[in-house]
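Engineer: Data: protein_32.txt, compact mmCIF, C-alpha atoms (C1' of nucleotides).
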# COMPACT_ATOMS: atom_id res chain seq x y z
CA MET A 1 0.00 0.00 0.00
CA ASN A 2 1.29 3.47 -0.87
CA ILE A 3 1.52 6.37 1.48
CA GLY A 4 -1.55 8.11 0.05
CA ASP A 5 -3.82 5.19 0.87
CA VAL A 6 -2.33 4.88 4.33
CA SER A 7 -2.94 8.56 4.85
CA GLN A 8 -6.59 8.09 3.87
CA ARG A 9 -7.03 5.08 6.10
CA THR A 10 -5.34 6.51 9.18
CA GLY A 11 -6.30 10.13 8.79
CA LEU A 12 -2.66 11.09 9.23
CA PRO A 13 -1.09 13.48 6.69
CA ALA A 14 1.54 11.85 4.47
CA LYS A 15 4.06 14.31 5.83
CA THR A 16 3.41 13.07 9.32
CA ILE A 17 3.78 9.44 8.28
CA ARG A 18 7.13 10.19 6.67
CA TYR A 19 8.14 11.97 9.84
CA TYR A 20 7.17 8.98 11.94
CA GLU A 21 9.35 6.82 9.75
CA GLU A 22 12.21 9.27 10.05
CA ILE A 23 12.13 9.09 13.83
CA GLY A 24 11.81 5.34 13.77
CA LEU A 25 8.23 4.84 14.89
CA VAL A 26 7.35 2.82 11.82
CA ARG A 27 9.45 1.00 9.22
CA PRO A 28 7.66 0.44 5.95
CA LEU A 29 9.31 -1.59 3.18
CA ARG A 30 10.46 0.00 -0.06
CA GLY A 31 9.42 -0.99 -3.57
CA GLU A 32 11.64 -1.10 -6.66
CA ASN A 33 10.60 2.44 -7.49
CA GLY A 34 11.60 3.76 -4.09
CA TYR A 35 8.01 4.13 -2.89
CA ARG A 36 7.21 3.16 0.67
CA GLN A 37 5.26 -0.08 0.90
CA PHE A 38 3.09 -0.30 3.99
CA ARG A 39 1.91 -3.62 5.35
CA GLU A 40 -1.25 -4.03 7.42
CA ARG A 41 0.83 -3.98 10.59
CA ASP A 42 2.29 -0.64 9.60
CA VAL A 43 -1.12 0.82 8.99
CA HIS A 44 -2.33 -0.57 12.26
CA LYS A 45 0.63 0.87 14.09
CA LEU A 46 0.02 4.28 12.54
CA GLY A 47 -3.60 4.12 13.61
CA PHE A 48 -2.44 3.34 17.12
CA LEU A 49 -0.11 6.31 16.99
CA GLY A 50 -2.80 8.61 15.72
CA ARG A 51 -5.12 7.65 18.54
CA ALA A 52 -2.44 7.95 21.18
CA ARG A 53 -1.41 11.36 19.86
CA SER A 54 -5.01 12.51 19.82
CA LEU A 55 -5.12 11.68 23.53
CA GLY A 56 -2.22 14.03 23.93
CA PHE A 57 0.52 11.46 24.51
CA SER A 58 3.92 12.79 23.48
CA ILE A 59 5.93 11.10 20.77
CA ASP A 60 8.14 9.71 23.47
CA ASP A 61 5.17 8.33 25.35
CA CYS A 62 3.99 6.81 22.10
CA ARG A 63 7.29 5.11 21.63
CA GLY A 64 6.94 3.53 25.04
CA LEU A 65 3.33 2.56 24.52
CA LEU A 66 4.09 1.04 21.16
CA ALA A 67 6.92 -1.01 22.63
CA LEU A 68 4.61 -2.27 25.35
CA TYR A 69 1.90 -2.92 22.82
CA GLU A 70 4.20 -5.17 20.86
CA ASP A 71 5.55 -6.86 23.95
CA GLU A 72 3.26 -9.79 24.65
CA GLY A 73 4.78 -10.25 28.09
CA ARG A 74 4.24 -6.67 29.26
CA ALA A 75 2.79 -5.80 32.62
CA SER A 76 -0.30 -3.61 32.37
CA ALA A 77 1.16 -1.63 35.27
CA ASP A 78 3.77 -0.21 32.93
CA VAL A 79 1.15 1.06 30.54
CA ARG A 80 -0.91 2.41 33.35
CA HIS A 81 2.09 4.25 34.70
CA ILE A 82 2.63 6.13 31.45
CA ALA A 83 -1.05 6.94 31.19
CA LYS A 84 -1.27 8.14 34.77
CA ALA A 85 1.75 10.38 34.39
CA HIS A 86 0.14 11.88 31.32
CA LEU A 87 -3.11 12.31 33.14
CA GLU A 88 -1.33 14.30 35.80
CA LYS A 89 0.26 16.51 33.20
CA ILE A 90 -3.18 17.14 31.75
CA ASP A 91 -4.51 18.01 35.16
CA GLY A 92 -1.69 20.48 35.66
CA LYS A 93 -2.42 22.08 32.32
CA LEU A 94 -6.11 22.25 33.13
CA ALA A 95 -5.44 24.00 36.42
CA GLU A 96 -3.11 26.48 34.78
CA LEU A 97 -5.52 27.25 31.97
CA GLY A 98 -8.37 27.50 34.44
CA ALA A 99 -6.52 30.12 36.45
CA MET A 100 -5.68 32.07 33.31
CA ARG A 101 -9.27 31.90 32.20
CA ALA A 102 -10.57 33.19 35.51
CA THR A 103 -8.26 36.19 35.56
CA LEU A 104 -8.82 37.00 31.94
CA ALA A 105 -12.59 36.57 32.09
CA HIS A 106 -12.69 38.90 35.04
CA LEU A 107 -10.72 41.54 33.18
CA VAL A 108 -12.72 41.22 29.99
CA GLU A 109 -15.88 41.63 31.98
CA ALA A 110 -14.54 44.74 33.67
CA CYS A 111 -13.60 46.36 30.36
CA ALA A 112 -16.21 48.60 28.81
CA GLY A 113 -15.03 47.79 25.32
CA ASP A 114 -16.07 51.05 23.80
CA HIS A 115 -14.34 53.98 22.08
CA ARG A 116 -12.82 55.32 25.28
CA PRO A 117 -9.19 54.57 26.12
CA ASP A 118 -9.69 53.51 29.76
CA CYS A 119 -9.10 49.81 29.99
CA PRO A 120 -8.79 47.61 33.09
CA ILE A 121 -7.04 44.95 31.05
CA LEU A 122 -4.16 47.23 30.17
CA ALA A 123 -4.21 48.71 33.64
CA ASP A 124 -3.70 45.29 35.13
CA LEU A 125 -0.91 44.36 32.73
CA ALA A 126 0.79 47.68 33.43
CA LEU A 127 0.81 47.17 37.20
CA GLU A 128 4.07 47.99 38.89
CA ASP A 129 4.55 44.77 40.74
CA ASP A 130 6.29 46.18 43.82
CA LYS A 131 2.78 46.61 45.17
CA ALA A 132 0.91 43.45 44.51
CA GLU A 133 -2.74 44.33 44.66
CA THR A 134 -5.52 41.82 44.39
CA MET B 1 20.50 49.52 34.10
CA ASN B 2 22.11 46.30 32.89
CA ILE B 3 20.30 43.21 31.75
CA GLY B 4 20.96 41.31 34.96
CA ASP B 5 19.17 43.89 37.10
CA VAL B 6 16.30 44.01 34.67
CA SER B 7 16.09 40.25 34.81
CA GLN B 8 15.87 40.41 38.60
CA ARG B 9 13.24 43.12 38.59
CA THR B 10 11.02 41.61 35.93
CA GLY B 11 11.58 37.96 36.70
CA LEU B 12 12.34 37.35 33.03
CA PRO B 13 15.49 35.39 32.15
CA ALA B 14 18.18 37.47 30.43
CA LYS B 15 17.89 35.18 27.43
CA THR B 16 14.25 36.03 27.09
CA ILE B 17 14.93 39.75 27.32
CA ARG B 18 17.53 39.52 24.55
CA TYR B 19 15.05 37.56 22.50
CA TYR B 20 12.39 40.22 23.02
CA GLU B 21 14.83 42.81 21.79
CA GLU B 22 15.69 40.66 18.80
CA ILE B 23 12.05 40.47 17.72
CA GLY B 24 11.56 44.15 18.32
CA LEU B 25 9.39 44.16 21.42
CA VAL B 26 11.77 46.38 23.34
CA ARG B 27 14.64 48.64 22.26
CA PRO B 28 17.14 49.35 25.01
CA LEU B 29 19.98 51.80 24.41
CA ARG B 30 23.58 50.67 24.15
CA GLY B 31 26.48 51.86 26.28
CA GLU B 32 30.02 52.52 25.08
CA ASN B 33 30.95 49.01 26.12
CA GLY B 34 28.19 47.45 24.03
CA TYR B 35 26.06 46.59 27.05
CA ARG B 36 22.33 47.13 26.81
CA GLN B 37 21.14 50.10 28.84
CA PHE B 38 17.56 49.77 29.99
CA ARG B 39 15.51 52.79 30.98
CA GLU B 40 12.56 52.64 33.36
CA ARG B 41 10.16 52.50 30.44
CA ASP B 42 11.95 49.46 29.11
CA VAL B 43 11.72 47.70 32.44
CA HIS B 44 8.09 48.63 32.71
CA LYS B 45 7.40 47.34 29.23
CA LEU B 46 9.13 44.06 30.01
CA GLY B 47 7.05 43.68 33.14
CA PHE B 48 3.96 44.25 31.03
CA LEU B 49 5.14 41.58 28.62
CA GLY B 50 5.85 39.12 31.39
CA ARG B 51 2.37 39.50 32.82
CA ALA B 52 0.71 39.27 29.43
CA ARG B 53 2.71 36.12 28.59
CA SER B 54 1.81 34.58 31.93
CA LEU B 55 -1.83 35.04 30.97
CA GLY B 56 -1.06 33.00 27.88
CA PHE B 57 -1.13 35.80 25.32
CA SER B 58 1.01 34.96 22.30
CA ILE B 59 3.98 37.12 21.37
CA ASP B 60 1.89 38.49 18.55
CA ASP B 61 -0.94 39.34 20.91
CA CYS B 62 1.59 41.04 23.13
CA ARG B 63 2.79 43.14 20.25
CA GLY B 64 -0.75 44.33 19.69
CA LEU B 65 -1.43 44.92 23.37
CA LEU B 66 1.78 46.86 23.77
CA ALA B 67 0.95 49.06 20.80
CA LEU B 68 -2.45 49.79 22.27
CA TYR B 69 -0.94 50.36 25.67
CA GLU B 70 1.31 53.03 24.24
CA ASP B 71 -1.44 54.58 22.16
CA GLU B 72 -3.12 57.15 24.35
CA GLY B 73 -6.00 57.48 21.93
CA ARG B 74 -6.81 53.76 21.81
CA ALA B 75 -10.32 52.43 22.10
CA SER B 76 -10.71 49.93 24.92
CA ALA B 77 -12.80 47.87 22.50
CA ASP B 78 -9.63 46.98 20.61
CA VAL B 79 -7.97 45.64 23.72
CA ARG B 80 -11.06 43.79 24.73
CA HIS B 81 -11.23 42.20 21.30
CA ILE B 82 -7.76 40.70 21.64
CA ALA B 83 -8.49 39.52 25.16
CA LYS B 84 -11.80 37.97 24.18
CA ALA B 85 -10.27 36.14 21.24
CA HIS B 86 -7.64 34.78 23.57
CA LEU B 87 -10.27 33.79 26.08
CA GLU B 88 -12.03 31.79 23.40
CA LYS B 89 -8.82 30.03 22.51
CA ILE B 90 -8.38 29.14 26.16
CA ASP B 91 -11.91 27.80 26.31
CA GLY B 92 -11.23 25.69 23.25
CA LYS B 93 -8.14 24.23 24.83
CA LEU B 94 -9.94 23.61 28.09
CA ALA B 95 -12.66 21.71 26.27
CA GLU B 96 -10.12 19.67 24.36
CA LEU B 97 -8.08 18.85 27.44
CA GLY B 98 -11.21 18.07 29.37
CA ALA B 99 -12.28 15.54 26.74
CA MET B 100 -8.82 13.96 26.76
CA ARG B 101 -8.86 13.79 30.49
CA ALA B 102 -12.23 12.10 30.59
CA THR B 103 -11.25 9.41 28.11
CA LEU B 104 -7.89 8.84 29.68
CA ALA B 105 -9.18 8.78 33.24
CA HIS B 106 -11.73 6.21 32.22
CA LEU B 107 -9.08 4.01 30.66
CA VAL B 108 -6.70 4.36 33.56
CA GLU B 109 -9.46 3.38 35.92
CA ALA B 110 -10.30 0.33 33.85
CA CYS B 111 -6.71 -0.87 33.81
CA ALA B 112 -5.73 -3.30 36.52
CA GLY B 113 -2.16 -2.05 36.54
CA ASP B 114 -0.64 -5.31 37.66
CA HIS B 115 1.82 -7.83 36.28
CA ARG B 116 -0.62 -9.22 33.73
CA PRO B 117 -0.45 -8.10 30.11
CA ASP B 118 -4.17 -7.41 29.58
CA CYS B 119 -4.66 -3.70 29.33
CA PRO B 120 -7.77 -1.75 28.31
CA ILE B 121 -5.62 1.26 27.52
CA LEU B 122 -3.67 -0.55 24.84
CA ALA B 123 -6.81 -2.31 23.69
CA ASP B 124 -8.46 1.02 23.08
CA LEU B 125 -5.48 2.47 21.25
CA ALA B 126 -5.25 -0.64 19.12
CA LEU B 127 -8.89 -0.53 17.99
CA GLU B 128 -9.38 -1.19 14.32
CA ASP B 129 -11.68 1.57 13.30
CA ASP B 130 -12.03 0.47 9.69
CA LYS B 131 -15.60 -0.15 8.70
CA ALA B 132 -14.40 -3.24 6.86
CA GLU B 133 -13.45 -5.93 9.30
CA THR B 134 -9.88 -7.13 9.11
C1' DC C 1 49.62 45.96 38.35
C1' DA C 2 47.85 41.45 37.84
C1' DT C 3 44.29 38.45 38.44
C1' DA C 4 40.01 36.33 39.47
C1' DG C 5 35.32 35.99 38.93
C1' DA C 6 31.06 37.90 37.82
C1' DG C 7 28.52 39.60 34.23
C1' DA C 8 28.02 41.04 29.54
C1' DT C 9 28.20 40.14 24.32
C1' DT C 10 27.28 37.40 19.87
C1' DC C 11 26.56 33.10 17.56
C1' DC C 12 24.68 28.87 16.66
C1' DC C 13 22.36 24.60 17.75
C1' DG C 14 18.59 22.29 20.03
C1' DC C 15 13.86 21.39 21.46
C1' DT C 16 8.21 19.63 19.78
C1' DA C 17 5.85 17.75 16.20
C1' DC C 18 5.16 18.74 12.54
C1' DT C 19 4.02 21.80 7.85
C1' DG C 20 5.05 23.93 3.40
C1' DG C 21 7.41 24.09 -0.75
C1' DA C 22 10.88 23.23 -4.45
C1' DA C 23 12.99 20.08 -7.68
C1' DG C 24 12.52 15.99 -9.56
C1' DG C 25 11.26 10.63 -10.43
C1' DT C 26 7.10 7.31 -11.50
C1' DC C 27 2.80 5.65 -13.10
C1' DA C 28 -1.72 5.13 -15.48
C1' DA C 29 -4.71 7.15 -18.89
C1' DG C 30 -5.83 9.35 -23.19
C1' DC D 1 3.84 11.68 -25.94
C1' DT D 2 1.90 14.34 -22.69
C1' DT D 3 -0.71 15.37 -18.75
C1' DG D 4 -1.54 15.12 -14.08
C1' DA D 5 -1.67 12.63 -9.90
C1' DC D 6 1.46 10.40 -7.00
C1' DC D 7 5.75 9.68 -4.95
C1' DT D 8 10.66 10.92 -3.54
C1' DT D 9 14.29 13.85 -0.98
C1' DC D 10 15.92 17.96 0.99
C1' DC D 11 15.61 22.64 2.98
C1' DA D 12 13.38 25.97 5.71
C1' DG D 13 10.28 27.56 9.07
C1' DT D 14 7.02 27.54 13.03
C1' DA D 15 6.86 29.44 19.08
C1' DG D 16 9.49 30.80 22.48
C1' DC D 17 12.87 30.38 24.20
C1' DG D 18 17.27 27.35 26.65
C1' DG D 19 22.16 25.62 26.56
C1' DG D 20 26.62 26.40 25.87
C1' DA D 21 30.95 28.16 23.53
C1' DA D 22 34.12 31.80 22.75
C1' DT D 23 35.08 36.29 23.83
C1' DC D 24 34.78 41.06 26.04
C1' DT D 25 34.25 44.26 30.29
C1' DC D 26 33.85 45.63 34.96
C1' DT D 27 35.03 45.53 39.75
C1' DA D 28 37.45 44.07 43.76
C1' DT D 29 41.35 42.49 46.00
C1' DG D 30 46.38 41.24 46.98
Written as structure tokens, how would this file's structure read?

Structural biologist:
Amino acid sequence: MNIGDVSQRTGLPAKTIRYYEEIGLVRPLRGENGYRQFRERDVHKLGFLGRARSLGFSIDDCRGLLALYEDEGRASADVRHIAKAHLEKIDGKLAELGAMRATLAHLVEACAGDHRPDCPILADLALEDDKAET
Amino acid sequence: MNIGDVSQRTGLPAKTIRYYEEIGLVRPLRGENGYRQFRERDVHKLGFLGRARSLGFSIDDCRGLLALYEDEGRASADVRHIAKAHLEKIDGKLAELGAMRATLAHLVEACAGDHRPDCPILADLALEDDKAET
DNA sequence: CATAGAGATTCCCGCTACTGGAAGGTCAAG
DNA sequence: CTTGACCTTCCAGTAGCGGGAATCTCTATG
């Protein structure tokens, strides 16, 4: 199967698939003409990668997950460990974004948003921080 | 004032300050010795940038906010527009992360996490989602 | 005066995970 | 034979810096 078909089937851009080969996540065969020849396993692996990436796993996480996936003797604890670590990262990100959102929403609400120059958003950003005011 | 002092006062790494100069966000003077000489306005501007960045505004957003900040005749609506657009981006990310978190938390919970190889996390990632059964 | 060490400078590479584009080879159809 | 869709490689760029080398400059001390 050529890269175009694989792209269609996995939903991954061809560029991305080539990149995954470059960094050793997948190793398709090569035809006489130099074209990449993907086997079912390759396609399957790429699907796996696509789903893992869409859950926010890093490429490095994916590498680990893929290795475990192909290791019949794995311990599910190892997989769970990667997933839990990622979950914690997500939670951290959520907390950070939540805090940003709260501050920003507050400021946006306080801003008249008209033709006048007075703006609480700018005022807040301009704060001299030697007097931290909340 | 030298870059080290500015770094202390703003909390921004010296590297970051040099980078901000490079991309034209701030323009300190230069002394005879080639050292950057920061005026109060520069320091103030960098503090502004630091706070805006910590709220997640992109460098490009910051450029716009800074221009408005320095424009005495600005309309607060323009500032509010940038902030609102950013707020929406944050909401988008929050939704996305929230969905990831839900899926992942569910999988982590379903995984025994012991020595056995059976793992719902891998099973989910490995799902064949082709309509045609293979 | 010499020297040490702190702080400054520029320069270039590296990171994440791709994306875009140029220059060119290959293949099937008309 | 030509067209156009595919495929190939390679180069460059993205955001927002961080690391580290090689090289000044300043200040303090013996």

Engineer: Give me the residues near D:DA21 as a list in words, where near means some atom within 12 Å (using only C-alpha atoms (C1' of nucleotides)) and where sequence neighbours in that chain fewer than 3 positions away do not count.

Structural biologist: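 Listing them by chain and then by number gives DT10, DC11, DC12 and DC13 of chain C.
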
Engineer: One decimal, Å: what's the distance from atom CA of A:Pro117 over to atom CA of A:Ala99, could you say?

Structural biologist: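 Interatomic distance here is 26.7 Å.
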
Engineer: Around the point (6.8, -1.4, 21.9) (coordinates from the file), which residues reach within 12 Å if we count all atoms listed in the file? Answer as a VMD selection string.

Structural biologist: (chain A and resid 24 to 26 45 48 to 49 60 to 74 78 to 79) or (chain B and resid 122)

Engineer: How close does each residue of chain A get to chain D, giving the shortest atom pair and distance in Å to one decimal for every residue with an atom at most 10 Å away, counting only C-alpha atoms (C1' of nucleotides), sorted by chain and residue number, as a tab-separated table?

Structural biologist:
residue	atom	partner	partner_atom	distance
A:Asn2	CA	D:DC7	C1'	8.7
A:Ile3	CA	D:DC7	C1'	8.4
A:Gly4	CA	D:DC6	C1'	8.0
A:Asn33	CA	D:DC7	C1'	9.1
A:Gly34	CA	D:DT8	C1'	7.2
A:Tyr35	CA	D:DC7	C1'	6.3
A:Arg36	CA	D:DC7	C1'	8.7

Engineer: Output C-alpha atoms for every residue in that selection, as a compact mmCIF listing (two decimals), keeping the file's coordinate frame.

Structural biologist:
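Resulting contents of part.txt:
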# COMPACT_ATOMS: atom_id res chain seq x y z
CA ASN A 2 1.29 3.47 -0.87
CA ILE A 3 1.52 6.37 1.48
CA GLY A 4 -1.55 8.11 0.05
CA ASN A 33 10.60 2.44 -7.49
CA GLY A 34 11.60 3.76 -4.09
CA TYR A 35 8.01 4.13 -2.89
CA ARG A 36 7.21 3.16 0.67

Engineer: Report chain A as a short mmCIF file (atom, residue, chain, number, x, y, z; two decimals) with C-alpha atoms, keeping the file's coordinate frame in the frame of chain B, after least-squares superposition over all C-alpha atoms paired in order.

Structural biologist:
data_model
loop_
_atom_site.label_atom_id
_atom_site.label_comp_id
_atom_site.auth_asym_id
_atom_site.auth_seq_id
_atom_site.Cartn_x
_atom_site.Cartn_y
_atom_site.Cartn_z
CA MET A 1 20.16 49.35 34.57
CA ASN A 2 21.86 46.19 33.33
CA ILE A 3 20.12 43.12 32.07
CA GLY A 4 20.73 41.15 35.26
CA ASP A 5 18.84 43.65 37.39
CA VAL A 6 16.03 43.80 34.88
CA SER A 7 15.85 40.04 34.94
CA GLN A 8 15.55 40.12 38.74
CA ARG A 9 12.90 42.81 38.69
CA THR A 10 10.74 41.32 35.95
CA GLY A 11 11.30 37.66 36.65
CA LEU A 12 12.17 37.15 33.00
CA PRO A 13 15.38 35.25 32.14
CA ALA A 14 18.08 37.42 30.56
CA LYS A 15 17.94 35.19 27.51
CA THR A 16 14.28 35.98 27.08
CA ILE A 17 14.88 39.72 27.41
CA ARG A 18 17.56 39.58 24.73
CA TYR A 19 15.15 37.64 22.57
CA TYR A 20 12.46 40.25 23.06
CA GLU A 21 14.91 42.89 21.94
CA GLU A 22 15.87 40.81 18.93
CA ILE A 23 12.27 40.61 17.77
CA GLY A 24 11.71 44.27 18.43
CA LEU A 25 9.46 44.18 21.47
CA VAL A 26 11.78 46.36 23.50
CA ARG A 27 14.64 48.69 22.55
CA PRO A 28 17.06 49.33 25.37
CA LEU A 29 19.91 51.83 24.92
CA ARG A 30 23.53 50.74 24.76
CA GLY A 31 26.36 51.92 26.99
CA GLU A 32 29.95 52.63 25.94
CA ASN A 33 30.88 49.09 26.87
CA GLY A 34 28.19 47.58 24.68
CA TYR A 35 25.98 46.62 27.62
CA ARG A 36 22.25 47.12 27.28
CA GLN A 37 20.97 50.04 29.34
CA PHE A 38 17.35 49.66 30.37
CA ARG A 39 15.25 52.64 31.34
CA GLU A 40 12.25 52.43 33.66
CA ARG A 41 9.94 52.33 30.65
CA ASP A 42 11.79 49.33 29.30
CA VAL A 43 11.48 47.50 32.57
CA HIS A 44 7.84 48.39 32.75
CA LYS A 45 7.25 47.18 29.24
CA LEU A 46 8.98 43.89 30.01
CA GLY A 47 6.81 43.46 33.07
CA PHE A 48 3.78 44.03 30.89
CA LEU A 49 5.04 41.42 28.47
CA GLY A 50 5.70 38.93 31.21
CA ARG A 51 2.18 39.29 32.54
CA ALA A 52 0.60 39.08 29.13
CA ARG A 53 2.63 35.99 28.28
CA SER A 54 1.68 34.38 31.57
CA LEU A 55 -1.95 34.82 30.52
CA GLY A 56 -1.08 32.84 27.45
CA PHE A 57 -1.11 35.68 24.92
CA SER A 58 1.12 34.92 21.95
CA ILE A 59 4.07 37.12 21.11
CA ASP A 60 2.05 38.51 18.27
CA ASP A 61 -0.85 39.29 20.56
CA CYS A 62 1.62 40.96 22.89
CA ARG A 63 2.87 43.12 20.10
CA GLY A 64 -0.66 44.29 19.44
CA LEU A 65 -1.45 44.82 23.10
CA LEU A 66 1.74 46.76 23.63
CA ALA A 67 0.98 49.01 20.68
CA LEU A 68 -2.48 49.67 22.06
CA TYR A 69 -1.05 50.21 25.50
CA GLU A 70 1.21 52.93 24.20
CA ASP A 71 -1.50 54.46 22.06
CA GLU A 72 -3.28 56.98 24.25
CA GLY A 73 -6.09 57.29 21.73
CA ARG A 74 -6.87 53.58 21.52
CA ALA A 75 -10.36 52.19 21.69
CA SER A 76 -10.81 49.65 24.47
CA ALA A 77 -12.80 47.60 21.96
CA ASP A 78 -9.58 46.78 20.15
CA VAL A 79 -7.99 45.42 23.29
CA ARG A 80 -11.10 43.54 24.17
CA HIS A 81 -11.16 41.98 20.74
CA ILE A 82 -7.68 40.52 21.13
CA ALA A 83 -8.49 39.26 24.60
CA LYS A 84 -11.76 37.70 23.51
CA ALA A 85 -10.14 35.92 20.60
CA HIS A 86 -7.56 34.54 22.99
CA LEU A 87 -10.24 33.50 25.40
CA GLU A 88 -11.90 31.51 22.67
CA LYS A 89 -8.65 29.80 21.83
CA ILE A 90 -8.30 28.87 25.48
CA ASP A 91 -11.80 27.50 25.52
CA GLY A 92 -11.04 25.38 22.48
CA LYS A 93 -7.91 24.04 24.13
CA LEU A 94 -9.82 23.31 27.31
CA ALA A 95 -12.46 21.34 25.43
CA GLU A 96 -9.84 19.36 23.56
CA LEU A 97 -7.86 18.57 26.68
CA GLY A 98 -11.05 17.70 28.52
CA ALA A 99 -11.99 15.16 25.87
CA MET A 100 -8.51 13.66 25.94
CA ARG A 101 -8.63 13.47 29.70
CA ALA A 102 -11.97 11.69 29.71
CA THR A 103 -10.87 9.03 27.25
CA LEU A 104 -7.54 8.52 28.89
CA ALA A 105 -8.94 8.43 32.43
CA HIS A 106 -11.42 5.83 31.33
CA LEU A 107 -8.69 3.67 29.85
CA VAL A 108 -6.37 4.04 32.82
CA GLU A 109 -9.18 3.02 35.09
CA ALA A 110 -9.92 -0.04 32.99
CA CYS A 111 -6.29 -1.18 33.05
CA ALA A 112 -5.36 -3.58 35.81
CA GLY A 113 -1.82 -2.28 35.93
CA ASP A 114 -0.28 -5.48 37.11
CA HIS A 115 2.29 -7.97 35.78
CA ARG A 116 -0.05 -9.41 33.17
CA PRO A 117 0.21 -8.28 29.56
CA ASP A 118 -3.51 -7.66 28.92
CA CYS A 119 -4.04 -3.96 28.63
CA PRO A 120 -7.16 -2.06 27.51
CA ILE A 121 -5.05 1.00 26.79
CA LEU A 122 -3.00 -0.78 24.17
CA ALA A 123 -6.07 -2.59 22.93
CA ASP A 124 -7.78 0.70 22.27
CA LEU A 125 -4.77 2.22 20.53
CA ALA A 126 -4.43 -0.90 18.40
CA LEU A 127 -8.03 -0.77 17.18
CA GLU A 128 -8.47 -1.32 13.48
CA ASP A 129 -10.50 1.74 12.71
CA ASP A 130 -12.64 0.27 9.93
CA LYS A 131 -14.96 -0.75 12.74
CA ALA A 132 -15.37 2.18 15.01
CA GLU A 133 -16.55 0.82 18.30
CA THR A 134 -17.52 2.96 21.24
#

Engineer: May I ask for the distance between atom CA of A:Gly92 and atom CA of A:Cys111, given in Å to one decimal place?

Structural biologist: 29.0 Å

Engineer: Should the cut-off be 12 Å, what would the residue list for chain C against chain B look like, counting only C-alpha atoms (C1' of nucleotides), as an MDAnalysis selection string?

Structural biologist: chainID C and resid 6:10

Engineer: Check every residue of chain B for an atom within 7 Å of chain A, counting all atoms listed in the file, and provide those that qualify as a ChimeraX atom specification.

Structural biologist: /B:48,51-52,55,69,72-77,80,83-84,87,90,94,97,100-101,104,108,111-119,122,125-126

Engineer: Quick check, in Å to one decimal: how far apart do atom CA of A:Val43 and atom CA of A:Gln8 lie?

Structural biologist: 10.4 Å

Engineer: Using all atoms of stretch 54-73 of chain A that appear in the file, construct an axis-aligned enclosing box with 4 Å of padding on every side and provide its centre coordinates and edge lengths in Å, rounded to one decimal, as lines of an AutoDock Vina configuration file.

Structural biologist:
center_x = 1.5
center_y = 1.9
center_z = 24.0
size_x = 21.3
size_y = 32.3
size_z = 16.3

Engineer: Nearest to C:DT16 among A:Leu29, A:Val6, A:Leu12, A:Ile59, with distances taken over only C-alpha atoms (C1' of nucleotides): which residue is it?

Structural biologist: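 Residue with the minimum atom-to-atom distance to C:DT16: A:Ile59.
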
Engineer: Output stretch 22-30 of chain B as a tab-separated table (two decimals), in the frame of the given file, making sure N, CA, C and O atoms are there.

Structural biologist:
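Once written, rebuild-v2.tsv looks like this:
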chain	number	residue	atom	x	y	z
B	22	GLU	N	15.43	41.17	20.15
B	22	GLU	CA	15.69	40.66	18.80
B	22	GLU	C	14.44	40.76	17.93
B	22	GLU	O	14.51	41.09	16.75
B	23	ILE	N	13.28	40.44	18.50
B	23	ILE	CA	12.05	40.47	17.72
B	23	ILE	C	11.36	41.82	17.83
B	23	ILE	O	10.21	41.97	17.42
B	24	GLY	N	12.06	42.78	18.38
B	24	GLY	CA	11.56	44.15	18.32
B	24	GLY	C	10.50	44.55	19.33
B	24	GLY	O	9.78	45.53	19.13
B	25	LEU	N	10.38	43.80	20.42
B	25	LEU	CA	9.39	44.16	21.42
B	25	LEU	C	9.89	45.26	22.34
B	25	LEU	O	9.11	45.99	22.94
B	26	VAL	N	11.19	45.36	22.47
B	26	VAL	CA	11.77	46.38	23.34
B	26	VAL	C	13.08	46.85	22.70
B	26	VAL	O	13.73	46.08	21.98
B	27	ARG	N	13.44	48.10	22.89
B	27	ARG	CA	14.64	48.64	22.26
B	27	ARG	C	15.49	49.41	23.25
B	27	ARG	O	15.46	50.64	23.28
B	28	PRO	N	16.27	48.67	24.05
B	28	PRO	CA	17.14	49.35	25.01
B	28	PRO	C	18.25	50.10	24.28
B	28	PRO	O	18.56	49.79	23.14
B	29	LEU	N	18.82	51.09	24.96
B	29	LEU	CA	19.98	51.80	24.41
B	29	LEU	C	21.20	50.91	24.56
B	29	LEU	O	21.14	49.87	25.20
B	30	ARG	N	22.33	51.40	23.99
B	30	ARG	CA	23.58	50.67	24.15
B	30	ARG	C	24.63	51.60	24.74
B	30	ARG	O	24.76	52.76	24.30
